[in-house]
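Q: I'm passing along target-v1.cif; it holds mmCIF, C-alpha atoms and all ligand atoms.
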data_final
loop_
_atom_site.label_atom_id
_atom_site.label_comp_id
_atom_site.auth_asym_id
_atom_site.auth_seq_id
_atom_site.Cartn_x
_atom_site.Cartn_y
_atom_site.Cartn_z
CA MET U 1 -8.96 8.68 14.20
CA GLU U 2 -6.17 11.10 14.78
CA PRO U 3 -2.99 9.04 14.98
CA PRO U 4 -0.71 9.47 17.92
CA LYS U 5 2.21 11.43 16.55
CA ASP U 6 4.87 9.86 18.70
CA THR U 7 3.74 6.25 18.75
CA ASP U 8 6.62 4.05 19.78
CA PHE U 9 6.84 0.67 18.04
CA SER U 10 10.25 -0.28 19.42
CA THR U 11 9.09 -3.01 21.78
CA THR U 12 6.41 -5.69 21.64
CA ALA U 13 4.68 -4.12 24.63
CA ASN U 14 4.53 -0.75 22.88
CA ILE U 15 3.18 -2.31 19.69
CA VAL U 16 0.47 -4.12 21.65
CA ALA U 17 -0.41 -0.90 23.46
CA ALA U 18 -0.63 1.12 20.22
CA PHE U 19 -2.83 -1.36 18.39
CA THR U 20 -5.01 -2.04 21.41
CA SER U 21 -5.55 1.67 21.94
CA ALA U 22 -6.45 2.20 18.28
CA ARG U 23 -8.90 -0.68 18.44
CA ARG U 24 -10.55 0.69 21.56
CA GLN U 25 -11.13 3.98 19.79
CA GLU U 26 -13.13 1.92 17.29
CA LYS U 27 -15.06 0.29 20.15
CA CYS U 28 -13.22 -2.96 19.66
CA ALA U 29 -12.49 -4.44 23.06
CA THR U 30 -10.17 -7.21 21.84
CA PRO U 31 -6.58 -6.37 22.71
CA LEU U 32 -3.80 -7.26 20.31
CA SER U 33 -2.01 -10.35 21.55
CA LEU U 34 1.62 -10.99 20.59
CA ASP U 35 4.18 -13.41 21.97
CA ASP U 36 7.22 -11.23 22.67
CA THR U 37 9.86 -13.90 22.03
CA THR U 38 8.29 -15.10 18.79
CA PHE U 39 7.62 -11.62 17.49
CA GLN U 40 11.05 -10.22 18.21
CA ALA U 41 12.72 -13.26 16.60
CA ALA U 42 10.62 -12.87 13.44
CA SER U 43 11.84 -11.30 10.22
CA GLN U 44 10.30 -8.09 8.89
CA GLN U 45 8.21 -10.21 6.54
CA GLN U 46 7.02 -12.50 9.33
CA GLN U 47 6.23 -9.63 11.70
CA MET U 48 4.04 -8.03 9.07
CA PHE U 49 2.33 -11.35 8.37
CA ILE U 50 1.65 -11.93 12.07
CA LEU U 51 0.13 -8.47 12.49
CA ILE U 52 -2.00 -8.64 9.34
CA ASN U 53 -3.47 -11.94 10.46
CA ALA U 54 -4.01 -10.68 14.01
CA GLU U 55 -6.03 -7.78 12.61
CA ARG U 56 -8.05 -10.18 10.48
CA VAL U 57 -8.64 -12.98 12.98
CA ASP U 58 -9.58 -10.61 15.80
CA ARG U 59 -12.32 -9.32 13.51
CA GLY U 60 -13.60 -12.77 12.67
CA LEU U 61 -11.95 -12.96 9.25
CA PRO U 62 -9.99 -16.04 8.18
CA ALA U 63 -6.22 -15.83 8.39
CA LEU U 64 -4.33 -15.39 5.14
CA GLN U 65 -1.83 -17.94 3.97
CA MET U 66 1.69 -16.79 3.16
CA ASP U 67 2.98 -17.54 -0.31
CA THR U 68 6.72 -17.41 0.20
CA THR U 69 7.58 -18.54 -3.31
CA LEU U 70 5.71 -16.64 -6.00
CA LEU U 71 3.67 -13.80 -4.47
CA SER U 72 6.44 -12.86 -2.03
CA GLN U 73 9.02 -12.95 -4.82
CA ILE U 74 6.82 -10.70 -6.93
CA ALA U 75 6.36 -8.37 -3.96
CA PHE U 76 10.10 -8.36 -3.26
CA ASN U 77 10.92 -7.56 -6.86
CA HIS U 78 8.39 -4.74 -6.93
CA SER U 79 9.99 -3.18 -3.85
CA LYS U 80 13.37 -3.54 -5.54
CA GLU U 81 12.06 -1.89 -8.70
CA LEU U 82 10.87 1.11 -6.68
CA ILE U 83 14.47 1.61 -5.60
CA ASP U 84 16.25 0.74 -8.84
CA TYR U 85 14.02 2.93 -11.01
CA ASN U 86 13.24 5.63 -8.45
CA TYR U 87 9.48 5.67 -8.69
CA PHE U 88 6.61 5.03 -6.32
CA GLY U 89 3.54 3.36 -7.71
CA HIS U 90 1.92 0.11 -8.69
CA ALA U 91 2.40 0.21 -12.46
CA SER U 92 5.75 -1.29 -13.35
CA PRO U 93 7.86 0.32 -16.10
CA LEU U 94 9.07 -3.18 -16.90
CA HIS U 95 5.60 -4.37 -17.87
CA ASN U 96 4.52 -1.68 -20.25
CA GLY U 97 2.97 0.35 -17.49
CA LEU U 98 0.40 -2.27 -16.51
CA PHE U 99 -0.41 -3.38 -13.00
CA ASP U 100 0.89 -6.73 -14.03
CA LYS U 101 3.97 -7.57 -12.08
CA ALA U 102 2.67 -11.05 -12.36
CA ASN U 103 2.40 -10.35 -16.05
CA ALA U 104 4.31 -13.36 -16.39
CA SER U 105 2.08 -15.64 -14.67
CA VAL U 106 -0.96 -13.59 -15.33
CA ASP U 107 -2.82 -16.39 -17.00
CA THR U 108 -2.15 -18.96 -14.32
CA LEU U 109 -2.03 -16.68 -11.31
CA LEU U 110 -4.86 -14.28 -11.96
CA THR U 111 -7.43 -16.22 -13.92
CA ASN U 112 -10.70 -15.54 -12.15
CA ARG U 113 -8.85 -14.19 -9.18
CA ALA U 114 -8.21 -10.73 -7.82
CA LEU U 115 -4.92 -9.14 -6.91
CA ALA U 116 -4.59 -6.11 -4.65
CA GLU U 117 -1.47 -4.38 -3.49
CA ASN U 118 -0.25 -2.10 -0.73
CA ILE U 119 3.10 -0.33 -0.99
CA PHE U 120 4.87 1.70 1.64
CA GLY U 121 8.11 3.60 1.87
CA GLY U 122 9.61 4.73 5.12
CA GLY U 123 12.31 4.02 7.66
CA ILE U 124 9.95 2.55 10.21
CA PRO U 125 9.37 -0.98 11.59
CA PRO U 126 6.82 -3.33 10.00
CA ALA U 127 4.47 -2.84 12.96
CA ALA U 128 4.39 0.90 12.26
CA MET U 129 3.62 0.19 8.60
CA VAL U 130 0.70 -2.09 9.49
CA TYR U 131 -0.51 0.50 12.00
CA GLY U 132 -0.34 3.09 9.24
CA TYR U 133 -2.22 0.90 6.80
CA MET U 134 -4.89 0.18 9.40
CA TYR U 135 -5.28 3.32 11.45
CA LYS U 136 -3.61 6.27 9.71
CA ASP U 137 -4.78 5.66 6.21
CA ALA U 138 -7.23 8.47 5.61
CA GLY U 139 -5.22 9.88 2.71
CA SER U 140 -6.05 6.96 0.45
CA SER U 141 -9.64 6.44 1.55
CA TRP U 142 -8.80 3.39 3.60
CA GLY U 143 -7.86 1.32 0.60
CA HIS U 144 -4.95 -0.27 2.40
CA ARG U 145 -7.14 -1.24 5.30
CA ARG U 146 -9.77 -2.68 2.98
CA ASN U 147 -7.10 -4.83 1.37
CA ILE U 148 -5.86 -6.13 4.71
CA LEU U 149 -9.42 -6.86 5.85
CA SER U 150 -10.68 -8.13 2.50
CA ALA U 151 -13.13 -10.95 2.99
CA THR U 152 -12.08 -12.48 -0.33
CA ALA U 153 -8.29 -12.38 0.13
CA THR U 154 -6.79 -15.77 0.90
CA TRP U 155 -3.08 -15.52 0.09
CA VAL U 156 -0.48 -12.87 0.73
CA GLY U 157 3.07 -12.20 -0.43
CA ILE U 158 5.26 -9.70 1.39
CA GLY U 159 8.55 -8.22 0.21
CA PHE U 160 10.91 -5.75 1.89
CA VAL U 161 13.92 -4.08 0.30
CA SER U 162 16.08 -1.40 1.89
CA GLY U 163 18.34 0.94 0.00
CA ALA U 164 20.75 3.43 1.51
CA GLY U 165 20.30 6.90 0.08
CA THR U 166 16.86 6.17 -1.37
CA PRO U 167 13.98 8.58 -0.76
CA TYR U 168 12.20 6.33 1.72
CA GLY U 169 14.89 3.96 2.95
CA THR U 170 12.81 0.81 3.38
CA TYR U 171 10.23 -0.24 0.80
CA ASN U 172 7.43 -2.69 1.43
CA THR U 173 5.09 -4.33 -1.06
CA ILE U 174 2.19 -6.56 -0.01
CA ASP U 175 0.36 -8.48 -2.72
CA PHE U 176 -2.99 -10.00 -1.77
CA LEU U 177 -4.57 -12.74 -3.84
CA GLY U 178 -8.07 -14.09 -3.55
CA ASP U 179 -8.75 -17.60 -4.73
CA SER U 180 -11.76 -19.86 -4.24
CA ALA U 181 -12.71 -23.47 -3.84
CA ASP U 182 -13.59 -23.52 -7.53
CA ASN U 183 -10.24 -22.07 -8.50
CA PRO U 184 -7.76 -22.82 -5.73
CA TYR U 185 -4.29 -21.34 -5.89
CA THR U 186 -1.23 -23.38 -5.02
CA PRO U 187 2.12 -21.60 -4.81
CA PRO U 188 5.06 -23.21 -6.57
CA ASP U 189 7.21 -25.46 -4.38
CA THR U 190 10.29 -23.31 -4.79
CA ALA U 191 10.92 -19.67 -5.54
CA ASP U 192 12.61 -18.53 -8.73
CA THR U 193 15.13 -16.06 -7.36
CA THR U 194 17.38 -15.67 -10.39
CA SER U 195 16.94 -13.05 -13.06
CA PRO U 196 17.28 -13.71 -16.79
CA ALA U 197 20.50 -13.30 -18.75
CA LEU U 198 20.91 -11.35 -21.96
CA ASP U 199 23.47 -9.84 -24.31
CA ALA U 200 23.97 -6.10 -24.25
CA PRO U 201 21.40 -4.35 -26.46
CA THR U 202 22.43 -2.88 -29.79
CA ILE U 203 21.08 -0.31 -32.23
CA THR U 204 20.43 -1.86 -35.62
CA ASN U 205 19.19 1.26 -37.38
CA ASN U 206 19.61 4.91 -36.37
CA PRO U 207 18.22 7.17 -39.06
CA ALA U 208 18.78 10.88 -38.54
CA GLY U 209 15.86 12.26 -36.54
CA GLY U 210 13.94 9.00 -36.83
CA ALA U 211 12.97 6.07 -34.67
CA LEU U 212 15.73 3.79 -33.41
CA ALA U 213 15.61 0.12 -34.27
CA VAL U 214 17.01 -1.82 -31.31
CA GLN U 215 17.71 -5.47 -30.63
CA VAL U 216 18.85 -7.77 -27.88
CA THR U 217 19.96 -11.39 -28.34
CA ASN U 218 20.40 -14.56 -26.33
CA VAL U 219 17.77 -13.67 -23.74
CA SER U 220 17.26 -16.66 -21.48
CA ASP U 221 16.10 -17.71 -18.02
CA GLY U 222 17.48 -21.12 -17.46
CA ASP U 223 16.71 -21.76 -13.81
CA SER U 224 12.94 -21.55 -13.77
CA PRO U 225 11.36 -23.98 -11.31
CA ASP U 226 7.85 -25.12 -12.12
CA GLY U 227 8.02 -23.28 -15.42
CA VAL U 228 6.96 -19.97 -13.89
CA GLY U 229 10.22 -18.21 -14.46
CA ASP U 230 10.60 -18.13 -18.20
CA VAL U 231 11.31 -14.80 -19.81
CA VAL U 232 7.97 -13.09 -20.16
CA GLY U 233 8.98 -9.74 -21.52
CA VAL U 234 11.75 -7.41 -22.59
CA VAL U 235 11.62 -3.63 -22.55
CA PHE U 236 14.06 -1.05 -23.90
CA TYR U 237 14.69 2.49 -22.75
CA LEU U 238 17.10 5.36 -23.28
CA GLY U 239 18.56 7.22 -20.32
CA ALA U 240 16.10 6.49 -17.50
CA ALA U 241 13.26 3.98 -17.33
CA VAL U 242 11.06 6.40 -15.38
CA VAL U 243 11.05 10.19 -15.68
CA ASN U 244 8.84 12.23 -13.37
CA GLY U 245 6.94 9.11 -12.44
CA LYS U 246 6.18 8.18 -16.05
CA PRO U 247 7.54 5.01 -17.66
CA GLN U 248 9.82 5.66 -20.65
CA THR U 249 10.10 2.02 -21.60
CA VAL U 250 9.04 0.38 -24.84
CA SER U 251 7.97 -3.26 -24.96
CA ALA U 252 9.92 -5.51 -27.32
CA THR U 253 8.65 -8.15 -29.70
CA GLN U 254 10.03 -11.67 -29.50
CA SER U 255 11.38 -13.17 -32.70
CA GLN U 256 9.31 -16.08 -33.97
CA SER U 257 12.30 -17.81 -35.47
CA ASP U 258 14.75 -17.09 -32.63
CA PRO U 259 13.01 -16.87 -29.22
CA GLY U 260 16.17 -15.41 -27.65
CA THR U 261 16.01 -12.32 -29.85
CA TRP U 262 13.77 -9.37 -29.05
CA THR U 263 13.42 -6.15 -31.06
CA ALA U 264 11.67 -2.80 -30.69
CA SER U 265 11.36 0.61 -32.26
CA LEU U 266 12.19 3.49 -29.93
CA PRO U 267 11.07 7.05 -30.56
CA ALA U 268 13.85 9.41 -31.64
CA PRO U 269 15.81 10.35 -28.52
CA ALA U 270 14.69 13.40 -26.56
CA ALA U 271 17.04 16.35 -26.51
CA GLY U 272 20.05 15.63 -24.37
CA VAL U 273 19.52 11.87 -24.30
CA ALA U 274 22.36 9.96 -25.99
CA VAL U 275 21.67 6.79 -27.94
CA GLY U 276 24.58 5.29 -25.99
CA THR U 277 22.34 5.19 -22.91
CA LEU U 278 20.28 2.35 -24.38
CA HIS U 279 19.20 -0.34 -21.91
CA ALA U 280 17.33 -3.61 -22.31
CA VAL U 281 15.56 -5.23 -19.35
CA ALA U 282 14.46 -8.87 -19.41
CA VAL U 283 11.85 -10.00 -16.86
CA ASP U 284 10.79 -13.46 -15.77
CA GLY U 285 7.52 -14.78 -14.38
CA SER U 286 8.41 -14.00 -10.79
CA GLY U 287 9.28 -10.41 -11.58
CA ASN U 288 13.04 -11.02 -11.48
CA TYR U 289 14.73 -8.67 -13.93
CA MET U 290 18.10 -8.03 -15.48
CA ASP U 291 18.90 -4.54 -16.75
CA CYS U 292 21.67 -4.60 -19.32
CA ALA U 293 23.26 -1.42 -20.72
CA ALA U 294 24.61 -1.04 -24.24
CA GLY U 295 28.28 -1.90 -24.37
CA ALA U 296 28.15 -3.89 -21.13
CA GLY U 297 28.81 -7.23 -22.74
CA ARG U 298 26.64 -10.15 -21.72
CA CYS U 299 24.71 -9.59 -18.49
CA VAL U 300 24.56 -12.77 -16.44
CA PRO U 301 22.99 -13.09 -12.98
CA THR U 302 24.56 -14.63 -9.97
CA TYR U 303 22.43 -17.56 -8.92
CA GLY U 304 19.86 -16.37 -6.43
CA ASP U 305 20.67 -12.73 -7.12
CA MET U 306 17.12 -11.60 -6.43
CA LYS U 307 16.60 -13.61 -3.29
CA PRO U 308 14.82 -11.62 -0.60
CA PRO U 309 17.12 -11.33 2.42
CA THR U 310 14.29 -11.88 4.85
CA MET U 311 12.69 -14.86 3.15
CA LYS U 312 12.03 -17.66 5.59
CA PRO U 313 10.13 -20.93 5.45
CA PRO U 314 6.35 -20.59 5.51
CA VAL U 315 4.94 -19.28 8.74
CA ARG U 316 1.98 -21.13 10.14
CA PRO U 317 -1.07 -18.91 9.88
CA ALA U 318 -2.89 -17.89 13.02
CA PRO U 319 -5.62 -20.37 14.01
CA ARG U 320 -8.72 -19.91 11.93
CA HIS U 321 -11.09 -20.70 14.75
CA GLN U 322 -9.83 -18.26 17.29
CA PRO U 323 -12.77 -16.58 19.01
CA ALA U 324 -13.47 -13.18 17.60
CA PRO U 325 -15.00 -11.22 20.44
CA CYS U 326 -14.92 -8.06 18.33
CA HIS U 327 -18.00 -9.46 16.64
CA LYS U 328 -19.96 -9.15 19.81
CA PRO U 329 -21.72 -5.95 20.69
CA ALA U 330 -19.56 -3.57 22.64
CA PRO U 331 -20.75 -2.41 26.04
CA HIS U 332 -23.92 -0.34 26.02
CA HIS U 333 -25.08 -2.47 23.10
CA LYS U 334 -23.54 -0.25 20.49
CA PRO U 335 -22.46 -2.01 17.30
CA ALA U 336 -18.79 -2.92 17.34
CA PRO U 337 -17.39 -1.34 14.19
CA CYS U 338 -14.16 -3.29 14.35
CA HIS U 339 -15.64 -6.29 12.61
CA THR U 340 -16.00 -4.34 9.41
CA PRO U 341 -13.54 -2.04 7.68
CA ALA U 342 -14.01 1.61 8.43
CA PRO U 343 -15.99 3.40 5.74
CA PRO U 344 -14.10 5.42 3.19
CA ARG U 345 -13.46 8.95 4.30
CA PRO U 346 -13.50 11.88 1.98
CA HIS U 347 -10.03 12.98 0.99
CA ALA U 348 -10.85 16.43 2.21
CA SER U 349 -11.26 15.19 5.75
CA ARG U 350 -7.52 14.78 6.15
CA PRO U 351 -4.63 16.65 4.69
CA SER U 352 -3.08 14.44 2.06
CA SER U 353 0.25 14.97 3.73
CA VAL U 354 -0.82 12.49 6.38
CA ASP U 355 -0.02 9.77 3.94
CA THR U 356 2.36 11.16 1.42
CA PRO U 357 5.45 11.19 3.61
CA HIS U 358 5.18 7.44 3.56
CA GLY U 359 4.21 7.32 -0.07
CA ALA U 360 1.50 4.79 0.48
CA GLY U 361 -0.64 3.65 -2.41
CA VAL U 362 -3.20 1.08 -3.29
CA ALA U 363 -4.54 -0.55 -6.36
CA THR U 364 -6.80 -3.41 -7.13
CA ARG U 365 -6.89 -5.32 -10.32
CA ALA U 366 -9.54 -7.85 -11.17
CA GLY U 367 -8.31 -11.10 -12.55
CA ARG U 368 -9.11 -12.09 -16.03
CA CA U 401 14.37 -16.78 -13.27
#
Let me see the structure of the file written as structure tokens.
A:
Amino acid sequence: MEPPKDTDFSTTANIVAAFTSARRQEKCATPLSLDDTTFQAASQQQQMFILINAERVDRGLPALQMDTTLLSQIAFNHSKELIDYNYFGHASPLHNGLFDKANASVDTLLTNRALAENIFGGGIPPAAMVYGYMYKDAGSSWGHRRNILSATATWVGIGFVSGAGTPYGTYNTIDFLGDSADNPYTPPDTADTTSPALDAPTITNNPAGGALAVQVTNVSDGDSPDGVGDVVGVVFYLGAAVVNGKPQTVSATQSQSDPGTWTASLPAPAAGVAVGTLHAVAVDGSGNYMDCAAGAGRCVPTYGDMKPPTMKPPVRPAPRHQPAPCHKPAPHHKPAPCHTPAPPRPHASRPSSVDTPHGAGVATRAGR
């Protein structure tokens, strides 16, 4: 479907009109229904949640549940990373390049479960982002749409961060988790919103032309509710953590005898990179991180320093038993394609620039 170029998402009525029109082009007769007062009073996070569930429920899929404590905190921190480290992707430079923002909690969160993620950058409202994920997504073979309409997804976390002067302005991360009756997921009661603390990193050996031995001490994360927020990793880097989209970080090893001490061996600095630009970054199980530069003294967070500004109490999901008329045959007895995700389209069918201005991406990682 060719997206309307000047779609206006500034009012609830316009949002309803845009989504309803897009659905009709897919032979889905069910109009989007939004309560204007509720929607306009909702945060960015809540608006996105409402629209994702409307798209699901109107196609006969169960509503997702919002995890405001762990998944949303992970999503928020990923959006913040995209700004702080000036990259756009799913692999975090703070987790050794793995798609493991939940690295931390990977054993408890992802065991026999699947995590999928949508990310978006752009100075547009949440409704426009959901519209893009659902109806303008040809550039990534409809991966975003498949994630939103995944039959196996059950939980969602949503995080927004805005940064003045950043390439895209507002960054959004949505993390989808699928659990099951055999392996139900329960979010922690409270979010860990405080990053770890650590001493400034030091160089313990700097042989001419050789690898640097580096160390950081007194790494701690004292506030962790439910035990999910302990320090789960430390990385070091010189200069910048990401260069041309590639992580430059090196994972540290935790001392067996002193758990607060982490060490690593860094490759000899590239030309023009000073050893004085050494950084250590400590990460906890909710993706909260503290980046401490050499010579900075001890880096200590303010309590709640990573708290998402839009975080609100859990929003009640849309009713699960709402009729889903999109399941029924459309007029003239043609199949109604809106009850299944659109099939992948070849990349060649759309210029990739359709998506790249928004920097959208998708990745799916099977649980282990
Ligand atoms: Ca913490």
Q: Dump as CSV the rows for residues of chain U within 8 Å of ligand CA 401 (chain U): closest atom pair and distance in Å with one decimal, all atoms listed in the file counted, ordered by chain and rising residue number.
A:
residue,atom,partner,partner_atom,distance
U:Asp192,CA,U:CA401,CA,5.2
U:Thr193,CA,U:CA401,CA,6.0
U:Thr194,CA,U:CA401,CA,4.3
U:Ser195,CA,U:CA401,CA,4.5
U:Pro196,CA,U:CA401,CA,5.5
U:Asp221,CA,U:CA401,CA,5.1
U:Gly222,CA,U:CA401,CA,6.8
U:Asp223,CA,U:CA401,CA,5.5
U:Ser224,CA,U:CA401,CA,5.0
U:Gly229,CA,U:CA401,CA,4.5
U:Asp230,CA,U:CA401,CA,6.4
U:Val231,CA,U:CA401,CA,7.5
U:Asp284,CA,U:CA401,CA,5.5
U:Gly285,CA,U:CA401,CA,7.2
U:Ser286,CA,U:CA401,CA,7.0
U:Asn288,CA,U:CA401,CA,6.2
Q: If you count all atoms listed in the file, which residues fall within 10 Å of segment 267-282 of chain U, apart from same-chain ones fewer than 5 positions away, as a PyMOL selection string?
A: chain U and resi 94+195-203+206-216+219-221+231-241+249-252+262+287-296
Q: Just how far from atom CA of His95 of chain U is atom CA of Arg146 of chain U, in Å to one decimal?
A: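 Separation between atom CA of Arg146 of chain U and atom CA of His95 of chain U: 26.0 Å.
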Q: Which is closest to Ala114 of chain U among U:Asp175, U:Asp189, U:Asp58, U:Asp305, if we use all atoms listed in the file?
A: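 That would be U:Asp175, the residue with the smallest distance to Ala114 of chain U.
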Q: Hey, can you pull every residue with an atom no more than 12 Å from (-10.9, -9.8, 0.3), using only C-alpha atoms, and send it as a VMD selection string?
A: chain U and resid 56 61 to 64 113 to 117 143 to 156 175 to 180 340 to 341 364 366
Q: Counting all atoms listed in the file, which of U:Val16, U:Ala29, U:Ile74, U:Val300 gets nearest to Tyr131 of chain U?
A: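 So, comparing all the options, the nearest one is U:Val16.
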Q: Find, counting only C-alpha atoms, the residue in U:Ser257, U:Pro301, U:Thr186, U:Thr7 that gets nearest to Ser21 of chain U.
A: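 Among the listed residues, U:Thr7 lies closest to Ser21 of chain U.
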Q: Of the candidates U:Val130, U:Ser265, U:Asp258, U:Asn244, which shows the shortest atom-to-atom distance to Thr204 of chain U, using only C-alpha atoms?
A: U:Ser265
Q: Please provide the set of residues having any atom within 9 Å of Asp36 of chain U, restricted to only C-alpha atoms, with same-chain residues fewer than 5 positions apart removed, written as a VMD selection string.
A: chain U and resid 11 to 13 41
Q: Could those residues be written to a file, using C-alpha atoms, as a PDB file, in the coordinates of the input?
A:
ATOM      1  CA  THR U  11       9.090  -3.010  21.780  1.00  0.00           C
ATOM      2  CA  THR U  12       6.410  -5.690  21.640  1.00  0.00           C
ATOM      3  CA  ALA U  13       4.680  -4.120  24.630  1.00  0.00           C
ATOM      4  CA  ALA U  41      12.720 -13.260  16.600  1.00  0.00           C
TER       5      ALA U  41
END
Q: Could you check which residues have any atom within 9 Å of (2.2, -8.8, 19.4), counting only C-alpha atoms with coordinates taken straight from the file, and then list them as a list in words?
A: Thr12, Ala13, Ile15, Val16, Leu32, Ser33, Leu34, Asp35, Asp36, Thr38, Phe39, Gln47, Ile50, Leu51 and Ala54 of chain U
Q: Hey, can you check how far atom CA of Thr261 of chain U sits from atom CA of Asn218 of chain U?
A: 6.1 Å
Q: Could you state the separation of atom CA of Pro31 of chain U and atom CA of Ile158 of chain U in Å, given to one decimal place?
A: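 Computed distance, atom CA of Pro31 of chain U to atom CA of Ile158 of chain U, equals 24.6 Å.
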Q: Step by step, gather every atom of segment 39-50 of chain U that the file lists, find the box along x, y and z that holds them, add 8 Å on each side, and finally give centre and edge lengths in Å to one decimal, as lines of an AutoDock Vina configuration file.
A:
center_x = 7.2
center_y = -10.6
center_z = 12.4
size_x = 27.1
size_y = 21.2
size_z = 27.7
